[in-house]
Amino acid sequence: MTAPLQGLTVLDLSRQLPGPLCSMLLADLGADVLSIANPSDPLGIGISFLARNKRSLTLNLKHAAGREIFLRLAAAADIVLEGYRPGVPARLGIDYETLGAANPRLIYCSISGYGQDGPYRDRVGHDINYLAYAGVLNFIGAADGPPVISGVQIADVAGGGLMAAVGILAAVIARAQTGRGQFVDIAMLDGALTCNAYHVLLYLLSGQLPQRGQEQLTGRYPCYAVYETRDSRHVSVGAFEPHFWATLCRHFGREDFIAVQWDDGATRAAMFEFFRNAFRQKTLAEWRAELGNLDICFAPVNTLDETFADPQLRHRNMIVEMQGSTGSTTVIGTPIKLSDTPATLRTPPPAFGAHTEAVLATLGFDAPAIAELRKQAVV
């Protein structure tokens, strides 16, 4: 069975979370991803489970011989992915203008914090900063408290890695039509703002600034909230639509709440008090058994070990054990399910630099030449 991206070669120079996640998705879908890093890079292979289905090459791009090897690889590649600060690739001599001149079909994707242009172009940042600028951080937390750092790297993963994958695949389709590659400029700030679509919608519709913890989907109303259980665990209820809310109210014997779902007065406080007291009467396991199959949009707040054991995620092959030369490795499965050309988990995460000699051999380097490159810390 042919994988959808089979035949595409990706050179991945990225080292942090966004780029490796992007190239993992491409690798799962069949692309040949070669992860390239300096031989002295302290990250090594990086986040190990993001390296499955990839090959690993060590290469010092600051050394002239290393740069020449990369230029030879890029001349035959389909995609280059990097996460440097703007301007760094040009200083290394591996920017899109240089590589694209030798390989006009090349698709070159840069993931950066603020993009390749604009007044913030050269600023440093991390996930927390992109979320702050995009207005996302302002909506995380309770109404009577300060903004809270997200427990998940939203800008890195959704704003960076996923946006980069979409951009690359769009460029692949465009190349099939035009015969030319192009530059894909992904800014995590841009992606973070896109993730803030709900609050942007509220602002544009009303002209009023949404408030933290005070909107329909951020904890203002009892129908869409988190509740503590008797054993100090938590459950989530998302009974947003009226029929889900009605089912919840009837189950708890409070049909009088049905018509006042969005009340902003004393009734809202009374409903919160009732449900908070009610959920404290039973343990998480008891609520899981009682409410799990009701049409109310219920879910336990899982710990990560519970998530790993979750029957739905297991059924969907989202928690997978892969066998490698050093034993079993747990990886997150692929979230993209295709009926005819499915993604596959073919090879476990490689050892750092495991494919260096094999890749160099394809370029004509023999054993003595490779040994010399190692001696000079090129690979």
# chains A, B, ... in the order shown; residues from 1 in each chain; ligands from 1

$ residues_around --residues "A:Phe252" --least-positions-apart "2" --cutoff "12 Å" --atoms "only C-alpha atoms" --output "PyMOL selection string"
chain A and resi 245-250+254-258+271+274-275+277-279+290-291+296

$ residues_around --residues "A:Asn317" --least-positions-apart "5" --cutoff "9 Å" --atoms "only C-alpha atoms" --output "ChimeraX atom specification"
/A:312,332-335

$ closest_residue --among "A:Arg212, A:Ile36, A:Ala351, A:Leu189" --to "A:Val148" --atoms "only C-alpha atoms"
A:Arg212

$ residues_around --residues "A:Ala158" --least-positions-apart "6" --cutoff "12 Å" --atoms "only C-alpha atoms" --output "PDB file with C-alpha atoms, in the first residue's frame"
ATOM      1  CA  LEU A  17       8.933  20.931  19.748  1.00  0.00           C
ATOM      2  CA  PRO A  18       7.168  22.580  16.748  1.00  0.00           C
ATOM      3  CA  GLY A  19       9.416  21.415  13.910  1.00  0.00           C
ATOM      4  CA  LEU A  21       6.247  17.405  15.600  1.00  0.00           C
ATOM      5  CA  CYS A  22       5.565  18.692  12.084  1.00  0.00           C
ATOM      6  CA  ASP A 127       5.152  29.497  23.903  1.00  0.00           C
ATOM      7  CA  TYR A 130       3.323  34.021  21.785  1.00  0.00           C
ATOM      8  CA  LEU A 131       0.167  33.150  23.726  1.00  0.00           C
ATOM      9  CA  VAL A 152       0.027  22.488  27.020  1.00  0.00           C
ATOM     10  CA  ALA A 164       3.756  24.209   9.314  1.00  0.00           C
ATOM     11  CA  ALA A 165       2.446  20.802   8.242  1.00  0.00           C
ATOM     12  CA  VAL A 166      -0.551  22.419   6.547  1.00  0.00           C
ATOM     13  CA  ILE A 186       5.169  30.108   9.807  1.00  0.00           C
ATOM     14  CA  ALA A 187       5.005  32.399  12.841  1.00  0.00           C
ATOM     15  CA  MET A 188       3.833  30.851  16.087  1.00  0.00           C
ATOM     16  CA  LEU A 189       2.276  34.188  17.048  1.00  0.00           C
ATOM     17  CA  ASP A 190       0.136  34.071  13.879  1.00  0.00           C
ATOM     18  CA  GLY A 191      -0.930  30.533  14.692  1.00  0.00           C
ATOM     19  CA  ALA A 192      -1.687  31.400  18.318  1.00  0.00           C
ATOM     20  CA  LEU A 193      -3.999  34.194  17.222  1.00  0.00           C
ATOM     21  CA  THR A 194      -5.793  31.734  14.956  1.00  0.00           C
ATOM     22  CA  CYS A 195      -6.269  29.448  17.977  1.00  0.00           C
ATOM     23  CA  ASN A 196      -7.990  32.366  19.732  1.00  0.00           C
TER      24      ASN A 196
END

$ closest_residue --among "A:Ala371, A:Gly44, A:Asn129, A:Ile168" --to "A:Ile149" --atoms "only C-alpha atoms"
A:Asn129

$ closest_residue --among "A:Ile107, A:Leu202, A:Leu345, A:Val378" --to "A:Val331" --atoms "only C-alpha atoms"
A:Leu345

$ closest_residue --among "A:Ala51, A:Leu11, A:Leu92, A:Val200" --to "A:Val33" --atoms "only C-alpha atoms"
A:Leu11

$ select_by_dssp --residues "stretch 187-359 of chain A" --states "alpha helix (DSSP H)" --output "ChimeraX atom specification"
/A:188-195,197-206,242-251,266-279,284-291,304-309,311-315,356-359

$ atom_distance --atom1 "atom CA of A:Cys109" --atom2 "atom CA of A:Gly179"
17.2 Å

$ closest_residue --among "A:Ser236, A:Ser40, A:Thr344, A:Gln323" --to "A:Val301" --atoms "only C-alpha atoms"
A:Ser236

$ atom_distance --atom1 "atom CA of A:Leu34" --atom2 "atom CA of A:Leu13"
8.7 Å

$ atom_distance --atom1 "atom CA of A:Gln177" --atom2 "atom CA of A:Lys54"
28.0 Å

$ residues_around --residues "A:Ile128" --least-positions-apart "4" --cutoff "12 Å" --atoms "only C-alpha atoms" --output "list in words"
Gly113, Val124, Ala132, Tyr133, Ala134, Gly135, Val136, Leu137, Asn138, Ile140, Pro147, Val148, Ile149, Ser150, Gly151, Val152, Gln153, Ile154, Ala155, Asp156, Met188, Leu189 and Ala192 of chain A

$ write_last_selection --atoms "C-alpha atoms" --output "PDB file, in the first residue's frame"
ATOM      1  CA  GLY A 113       8.191  33.015  16.899  1.00  0.00           C
ATOM      2  CA  VAL A 124      13.205  35.962  21.161  1.00  0.00           C
ATOM      3  CA  ALA A 132       0.457  36.406  25.640  1.00  0.00           C
ATOM      4  CA  TYR A 133       0.770  38.565  22.522  1.00  0.00           C
ATOM      5  CA  ALA A 134      -2.075  36.674  20.812  1.00  0.00           C
ATOM      6  CA  GLY A 135      -4.466  37.323  23.694  1.00  0.00           C
ATOM      7  CA  VAL A 136      -4.755  33.603  24.465  1.00  0.00           C
ATOM      8  CA  LEU A 137      -3.019  33.742  27.847  1.00  0.00           C
ATOM      9  CA  ASN A 138      -5.437  36.440  28.952  1.00  0.00           C
ATOM     10  CA  ILE A 140      -6.638  31.082  30.731  1.00  0.00           C
ATOM     11  CA  PRO A 147      -3.737  34.605  33.811  1.00  0.00           C
ATOM     12  CA  VAL A 148      -2.490  31.032  34.234  1.00  0.00           C
ATOM     13  CA  ILE A 149       0.262  29.400  32.183  1.00  0.00           C
ATOM     14  CA  SER A 150      -1.225  26.808  29.862  1.00  0.00           C
ATOM     15  CA  GLY A 151      -0.281  23.251  30.736  1.00  0.00           C
ATOM     16  CA  VAL A 152       0.027  22.488  27.020  1.00  0.00           C
ATOM     17  CA  GLN A 153       2.236  24.335  24.526  1.00  0.00           C
ATOM     18  CA  ILE A 154      -0.590  25.667  22.345  1.00  0.00           C
ATOM     19  CA  ALA A 155       1.474  28.050  20.235  1.00  0.00           C
ATOM     20  CA  ASP A 156       4.274  25.526  19.721  1.00  0.00           C
ATOM     21  CA  MET A 188       3.833  30.851  16.087  1.00  0.00           C
ATOM     22  CA  LEU A 189       2.276  34.188  17.048  1.00  0.00           C
ATOM     23  CA  ALA A 192      -1.687  31.400  18.318  1.00  0.00           C
TER      24      ALA A 192
END

$ residues_around --residues "A:Pro349" --least-positions-apart "4" --cutoff "12 Å" --atoms "only C-alpha atoms" --output "mmCIF file with N, CA, C and O atoms, in the first residue's frame"
data_model
loop_
_atom_site.group_PDB
_atom_site.id
_atom_site.type_symbol
_atom_site.label_atom_id
_atom_site.label_comp_id
_atom_site.auth_asym_id
_atom_site.auth_seq_id
_atom_site.Cartn_x
_atom_site.Cartn_y
_atom_site.Cartn_z
ATOM 1 N N PRO A 20 10.016 19.276 14.964
ATOM 2 C CA PRO A 20 9.998 17.814 15.020
ATOM 3 C C PRO A 20 8.597 17.213 15.021
ATOM 4 O O PRO A 20 8.385 16.134 14.460
ATOM 5 N N MET A 24 7.323 14.757 12.162
ATOM 6 C CA MET A 24 6.802 13.448 12.562
ATOM 7 C C MET A 24 5.523 13.125 11.804
ATOM 8 O O MET A 24 5.326 11.995 11.326
ATOM 9 N N ALA A 27 6.447 12.236 8.356
ATOM 10 C CA ALA A 27 7.067 10.909 8.317
ATOM 11 C C ALA A 27 6.030 9.811 8.472
ATOM 12 O O ALA A 27 6.089 8.777 7.782
ATOM 13 N N VAL A 33 12.086 11.394 6.182
ATOM 14 C CA VAL A 33 12.551 12.535 6.971
ATOM 15 C C VAL A 33 13.939 12.241 7.521
ATOM 16 O O VAL A 33 14.144 11.259 8.229
ATOM 17 N N LEU A 34 14.861 13.121 7.186
ATOM 18 C CA LEU A 34 16.218 13.021 7.703
ATOM 19 C C LEU A 34 16.419 14.152 8.708
ATOM 20 O O LEU A 34 16.459 15.332 8.343
ATOM 21 N N SER A 35 16.517 13.802 9.978
ATOM 22 C CA SER A 35 16.721 14.785 11.039
ATOM 23 C C SER A 35 18.215 15.098 11.128
ATOM 24 O O SER A 35 19.047 14.196 11.253
ATOM 25 N N GLY A 44 20.583 15.853 21.543
ATOM 26 C CA GLY A 44 20.652 14.537 20.920
ATOM 27 C C GLY A 44 19.539 14.359 19.908
ATOM 28 O O GLY A 44 19.306 15.210 19.057
ATOM 29 N N ILE A 45 18.831 13.260 20.023
ATOM 30 C CA ILE A 45 17.737 12.976 19.090
ATOM 31 C C ILE A 45 16.521 13.849 19.377
ATOM 32 O O ILE A 45 15.580 13.932 18.580
ATOM 33 N N GLY A 46 16.524 14.554 20.526
ATOM 34 C CA GLY A 46 15.392 15.410 20.868
ATOM 35 C C GLY A 46 14.313 14.617 21.591
ATOM 36 O O GLY A 46 14.590 13.622 22.269
ATOM 37 N N ILE A 47 13.065 15.053 21.452
ATOM 38 C CA ILE A 47 11.943 14.315 22.046
ATOM 39 C C ILE A 47 11.824 12.995 21.318
ATOM 40 O O ILE A 47 11.450 12.943 20.143
ATOM 41 N N SER A 48 12.132 11.908 22.003
ATOM 42 C CA SER A 48 12.363 10.638 21.320
ATOM 43 C C SER A 48 11.168 10.171 20.498
ATOM 44 O O SER A 48 11.334 9.740 19.345
ATOM 45 N N PHE A 49 9.948 10.248 21.058
ATOM 46 C CA PHE A 49 8.823 9.687 20.321
ATOM 47 C C PHE A 49 8.473 10.502 19.085
ATOM 48 O O PHE A 49 7.778 10.013 18.196
ATOM 49 N N LEU A 50 8.969 11.747 18.990
ATOM 50 C CA LEU A 50 8.755 12.531 17.784
ATOM 51 C C LEU A 50 9.718 12.125 16.669
ATOM 52 O O LEU A 50 9.577 12.589 15.537
ATOM 53 N N ALA A 51 10.684 11.284 16.993
ATOM 54 C CA ALA A 51 11.699 10.885 16.010
ATOM 55 C C ALA A 51 11.376 9.554 15.327
ATOM 56 O O ALA A 51 12.160 9.098 14.482
ATOM 57 N N ARG A 52 10.240 8.944 15.660
ATOM 58 C CA ARG A 52 9.915 7.668 15.010
ATOM 59 C C ARG A 52 9.752 7.904 13.507
ATOM 60 O O ARG A 52 9.410 8.991 13.045
ATOM 61 N N ASN A 53 10.014 6.876 12.733
ATOM 62 C CA ASN A 53 9.915 6.911 11.267
ATOM 63 C C ASN A 53 10.941 7.828 10.609
ATOM 64 O O ASN A 53 10.865 8.079 9.411
ATOM 65 N N LYS A 54 11.904 8.349 11.369
ATOM 66 C CA LYS A 54 12.902 9.261 10.820
ATOM 67 C C LYS A 54 14.286 8.624 10.830
ATOM 68 O O LYS A 54 14.554 7.656 11.536
ATOM 69 N N ARG A 55 15.166 9.222 10.027
ATOM 70 C CA ARG A 55 16.586 8.889 10.081
ATOM 71 C C ARG A 55 17.322 10.045 10.750
ATOM 72 O O ARG A 55 16.833 11.163 10.773
ATOM 73 N N SER A 56 18.485 9.758 11.315
ATOM 74 C CA SER A 56 19.240 10.769 12.054
ATOM 75 C C SER A 56 20.645 10.915 11.483
ATOM 76 O O SER A 56 21.400 9.944 11.378
ATOM 77 N N GLU A 321 3.248 0.880 21.561
ATOM 78 C CA GLU A 321 4.571 0.405 21.952
ATOM 79 C C GLU A 321 5.295 -0.098 20.701
ATOM 80 O O GLU A 321 4.804 -0.994 20.010
ATOM 81 N N MET A 322 6.429 0.505 20.406
ATOM 82 C CA MET A 322 7.227 0.104 19.250
ATOM 83 C C MET A 322 8.460 -0.653 19.724
ATOM 84 O O MET A 322 9.085 -0.289 20.722
ATOM 85 N N GLN A 323 8.811 -1.702 19.010
ATOM 86 C CA GLN A 323 9.968 -2.507 19.354
ATOM 87 C C GLN A 323 11.184 -2.046 18.559
ATOM 88 O O GLN A 323 11.133 -1.906 17.341
ATOM 89 N N GLY A 324 12.278 -1.776 19.261
ATOM 90 C CA GLY A 324 13.523 -1.370 18.621
ATOM 91 C C GLY A 324 14.679 -2.203 19.111
ATOM 92 O O GLY A 324 14.511 -3.150 19.889
ATOM 93 N N SER A 325 15.872 -1.844 18.695
ATOM 94 C CA SER A 325 17.060 -2.613 19.055
ATOM 95 C C SER A 325 17.366 -2.545 20.544
ATOM 96 O O SER A 325 18.027 -3.430 21.093
ATOM 97 N N THR A 326 16.877 -1.485 21.203
ATOM 98 C CA THR A 326 17.135 -1.327 22.636
ATOM 99 C C THR A 326 15.921 -1.662 23.488
ATOM 100 O O THR A 326 15.895 -1.365 24.675
ATOM 101 N N GLY A 327 14.886 -2.252 22.875
ATOM 102 C CA GLY A 327 13.704 -2.628 23.626
ATOM 103 C C GLY A 327 12.464 -1.906 23.167
ATOM 104 O O GLY A 327 12.409 -1.366 22.051
ATOM 105 N N SER A 328 11.460 -1.870 24.052
ATOM 106 C CA SER A 328 10.178 -1.274 23.709
ATOM 107 C C SER A 328 10.180 0.225 24.004
ATOM 108 O O SER A 328 10.719 0.672 25.007
ATOM 109 N N THR A 329 9.575 0.993 23.100
ATOM 110 C CA THR A 329 9.453 2.431 23.257
ATOM 111 C C THR A 329 7.987 2.825 23.108
ATOM 112 O O THR A 329 7.326 2.408 22.151
ATOM 113 N N THR A 330 7.469 3.589 24.060
ATOM 114 C CA THR A 330 6.089 4.065 23.975
ATOM 115 C C THR A 330 6.053 5.354 23.174
ATOM 116 O O THR A 330 6.826 6.278 23.446
ATOM 117 N N VAL A 331 5.172 5.412 22.195
ATOM 118 C CA VAL A 331 5.033 6.613 21.373
ATOM 119 C C VAL A 331 3.564 6.984 21.265
ATOM 120 O O VAL A 331 2.676 6.150 21.475
ATOM 121 N N ILE A 332 3.299 8.246 20.965
ATOM 122 C CA ILE A 332 1.950 8.688 20.658
ATOM 123 C C ILE A 332 1.646 8.285 19.222
ATOM 124 O O ILE A 332 2.472 8.491 18.325
ATOM 125 N N LEU A 345 3.416 3.506 11.499
ATOM 126 C CA LEU A 345 4.575 3.604 12.377
ATOM 127 C C LEU A 345 5.525 2.493 11.975
ATOM 128 O O LEU A 345 5.318 1.327 12.311
ATOM 129 N N GLY A 353 22.300 10.246 15.354
ATOM 130 C CA GLY A 353 23.319 10.082 14.314
ATOM 131 C C GLY A 353 23.421 8.681 13.735
ATOM 132 O O GLY A 353 24.395 8.369 13.033
ATOM 133 N N ALA A 354 22.424 7.855 13.973
ATOM 134 C CA ALA A 354 22.505 6.449 13.565
ATOM 135 C C ALA A 354 22.660 6.257 12.058
ATOM 136 O O ALA A 354 23.207 5.250 11.615
ATOM 137 N N HIS A 355 22.203 7.204 11.262
ATOM 138 C CA HIS A 355 22.229 7.023 9.813
ATOM 139 C C HIS A 355 23.297 7.878 9.132
ATOM 140 O O HIS A 355 23.301 8.015 7.902
#

$ residues_around --residues "A:Asp117" --least-positions-apart "6" --cutoff "12 Å" --atoms "only C-alpha atoms" --output "PyMOL selection string"
chain A and resi 85-87+123+185-187

$ write_last_selection --atoms "N, CA, C and O atoms" --output "PDB file, in the first residue's frame"
ATOM      1  N   ARG A  85      16.181  31.336  14.309  1.00  0.00           N
ATOM      2  CA  ARG A  85      15.766  32.730  14.339  1.00  0.00           C
ATOM      3  C   ARG A  85      15.966  33.327  12.950  1.00  0.00           C
ATOM      4  O   ARG A  85      16.887  32.938  12.225  1.00  0.00           O
ATOM      5  N   PRO A  86      15.109  34.242  12.540  1.00  0.00           N
ATOM      6  CA  PRO A  86      15.265  34.855  11.216  1.00  0.00           C
ATOM      7  C   PRO A  86      16.677  35.411  11.021  1.00  0.00           C
ATOM      8  O   PRO A  86      17.244  36.034  11.925  1.00  0.00           O
ATOM      9  N   GLY A  87      17.239  35.154   9.851  1.00  0.00           N
ATOM     10  CA  GLY A  87      18.578  35.630   9.528  1.00  0.00           C
ATOM     11  C   GLY A  87      19.661  34.605   9.739  1.00  0.00           C
ATOM     12  O   GLY A  87      20.719  34.673   9.084  1.00  0.00           O
ATOM     13  N   ARG A 123      12.874  39.406  17.787  1.00  0.00           N
ATOM     14  CA  ARG A 123      12.673  39.161  19.213  1.00  0.00           C
ATOM     15  C   ARG A 123      12.725  37.660  19.521  1.00  0.00           C
ATOM     16  O   ARG A 123      12.307  36.831  18.720  1.00  0.00           O
ATOM     17  N   ASP A 185       6.408  30.555   5.408  1.00  0.00           N
ATOM     18  CA  ASP A 185       6.766  31.366   6.568  1.00  0.00           C
ATOM     19  C   ASP A 185       5.722  31.156   7.660  1.00  0.00           C
ATOM     20  O   ASP A 185       4.601  31.648   7.573  1.00  0.00           O
ATOM     21  N   ILE A 186       6.087  30.412   8.710  1.00  0.00           N
ATOM     22  CA  ILE A 186       5.169  30.108   9.807  1.00  0.00           C
ATOM     23  C   ILE A 186       5.617  30.845  11.064  1.00  0.00           C
ATOM     24  O   ILE A 186       6.733  30.644  11.550  1.00  0.00           O
ATOM     25  N   ALA A 187       4.748  31.701  11.576  1.00  0.00           N
ATOM     26  CA  ALA A 187       5.005  32.399  12.841  1.00  0.00           C
ATOM     27  C   ALA A 187       4.090  31.820  13.913  1.00  0.00           C
ATOM     28  O   ALA A 187       2.870  31.748  13.725  1.00  0.00           O
TER      29      ALA A 187
END

$ select_by_dssp --residues "stretch 59-119 of chain A" --states "strand (DSSP E)" --output "list in words"
Ile79, Val80, Leu81, Glu82, Ile107, Tyr108, Cys109, Ser110, Ile111 and Ser112 of chain A

$ write_last_selection --atoms "N, CA, C and O atoms" --output "PDB file, in the first residue's frame"
ATOM      1  N   ILE A  79      11.827  19.043   0.563  1.00  0.00           N
ATOM      2  CA  ILE A  79      11.413  19.961   1.634  1.00  0.00           C
ATOM      3  C   ILE A  79      12.575  20.165   2.602  1.00  0.00           C
ATOM      4  O   ILE A  79      13.259  19.203   2.977  1.00  0.00           O
ATOM      5  N   VAL A  80      12.785  21.396   2.990  1.00  0.00           N
ATOM      6  CA  VAL A  80      13.677  21.723   4.098  1.00  0.00           C
ATOM      7  C   VAL A  80      12.829  22.390   5.179  1.00  0.00           C
ATOM      8  O   VAL A  80      12.037  23.292   4.898  1.00  0.00           O
ATOM      9  N   LEU A  81      12.993  21.941   6.416  1.00  0.00           N
ATOM     10  CA  LEU A  81      12.261  22.486   7.561  1.00  0.00           C
ATOM     11  C   LEU A  81      13.263  22.970   8.584  1.00  0.00           C
ATOM     12  O   LEU A  81      14.193  22.236   8.946  1.00  0.00           O
ATOM     13  N   GLU A  82      13.109  24.215   9.046  1.00  0.00           N
ATOM     14  CA  GLU A  82      14.030  24.735  10.066  1.00  0.00           C
ATOM     15  C   GLU A  82      13.301  25.627  11.042  1.00  0.00           C
ATOM     16  O   GLU A  82      12.237  26.166  10.737  1.00  0.00           O
ATOM     17  N   ILE A 107      10.750  23.129  -1.443  1.00  0.00           N
ATOM     18  CA  ILE A 107       9.826  23.792  -0.518  1.00  0.00           C
ATOM     19  C   ILE A 107      10.583  23.995   0.789  1.00  0.00           C
ATOM     20  O   ILE A 107      11.107  23.038   1.369  1.00  0.00           O
ATOM     21  N   TYR A 108      10.661  25.238   1.233  1.00  0.00           N
ATOM     22  CA  TYR A 108      11.477  25.594   2.388  1.00  0.00           C
ATOM     23  C   TYR A 108      10.562  26.216   3.446  1.00  0.00           C
ATOM     24  O   TYR A 108       9.972  27.266   3.228  1.00  0.00           O
ATOM     25  N   CYS A 109      10.455  25.550   4.597  1.00  0.00           N
ATOM     26  CA  CYS A 109       9.554  26.018   5.660  1.00  0.00           C
ATOM     27  C   CYS A 109      10.351  26.485   6.868  1.00  0.00           C
ATOM     28  O   CYS A 109      11.171  25.731   7.408  1.00  0.00           O
ATOM     29  N   SER A 110      10.096  27.720   7.271  1.00  0.00           N
ATOM     30  CA  SER A 110      10.715  28.282   8.471  1.00  0.00           C
ATOM     31  C   SER A 110       9.650  28.472   9.548  1.00  0.00           C
ATOM     32  O   SER A 110       8.621  29.104   9.306  1.00  0.00           O
ATOM     33  N   ILE A 111       9.897  27.912  10.725  1.00  0.00           N
ATOM     34  CA  ILE A 111       9.031  28.144  11.876  1.00  0.00           C
ATOM     35  C   ILE A 111       9.774  29.068  12.824  1.00  0.00           C
ATOM     36  O   ILE A 111      10.874  28.761  13.279  1.00  0.00           O
ATOM     37  N   SER A 112       9.181  30.217  13.113  1.00  0.00           N
ATOM     38  CA  SER A 112       9.793  31.165  14.041  1.00  0.00           C
ATOM     39  C   SER A 112       8.719  31.724  14.963  1.00  0.00           C
ATOM     40  O   SER A 112       7.524  31.496  14.756  1.00  0.00           O
TER      41      SER A 112
END
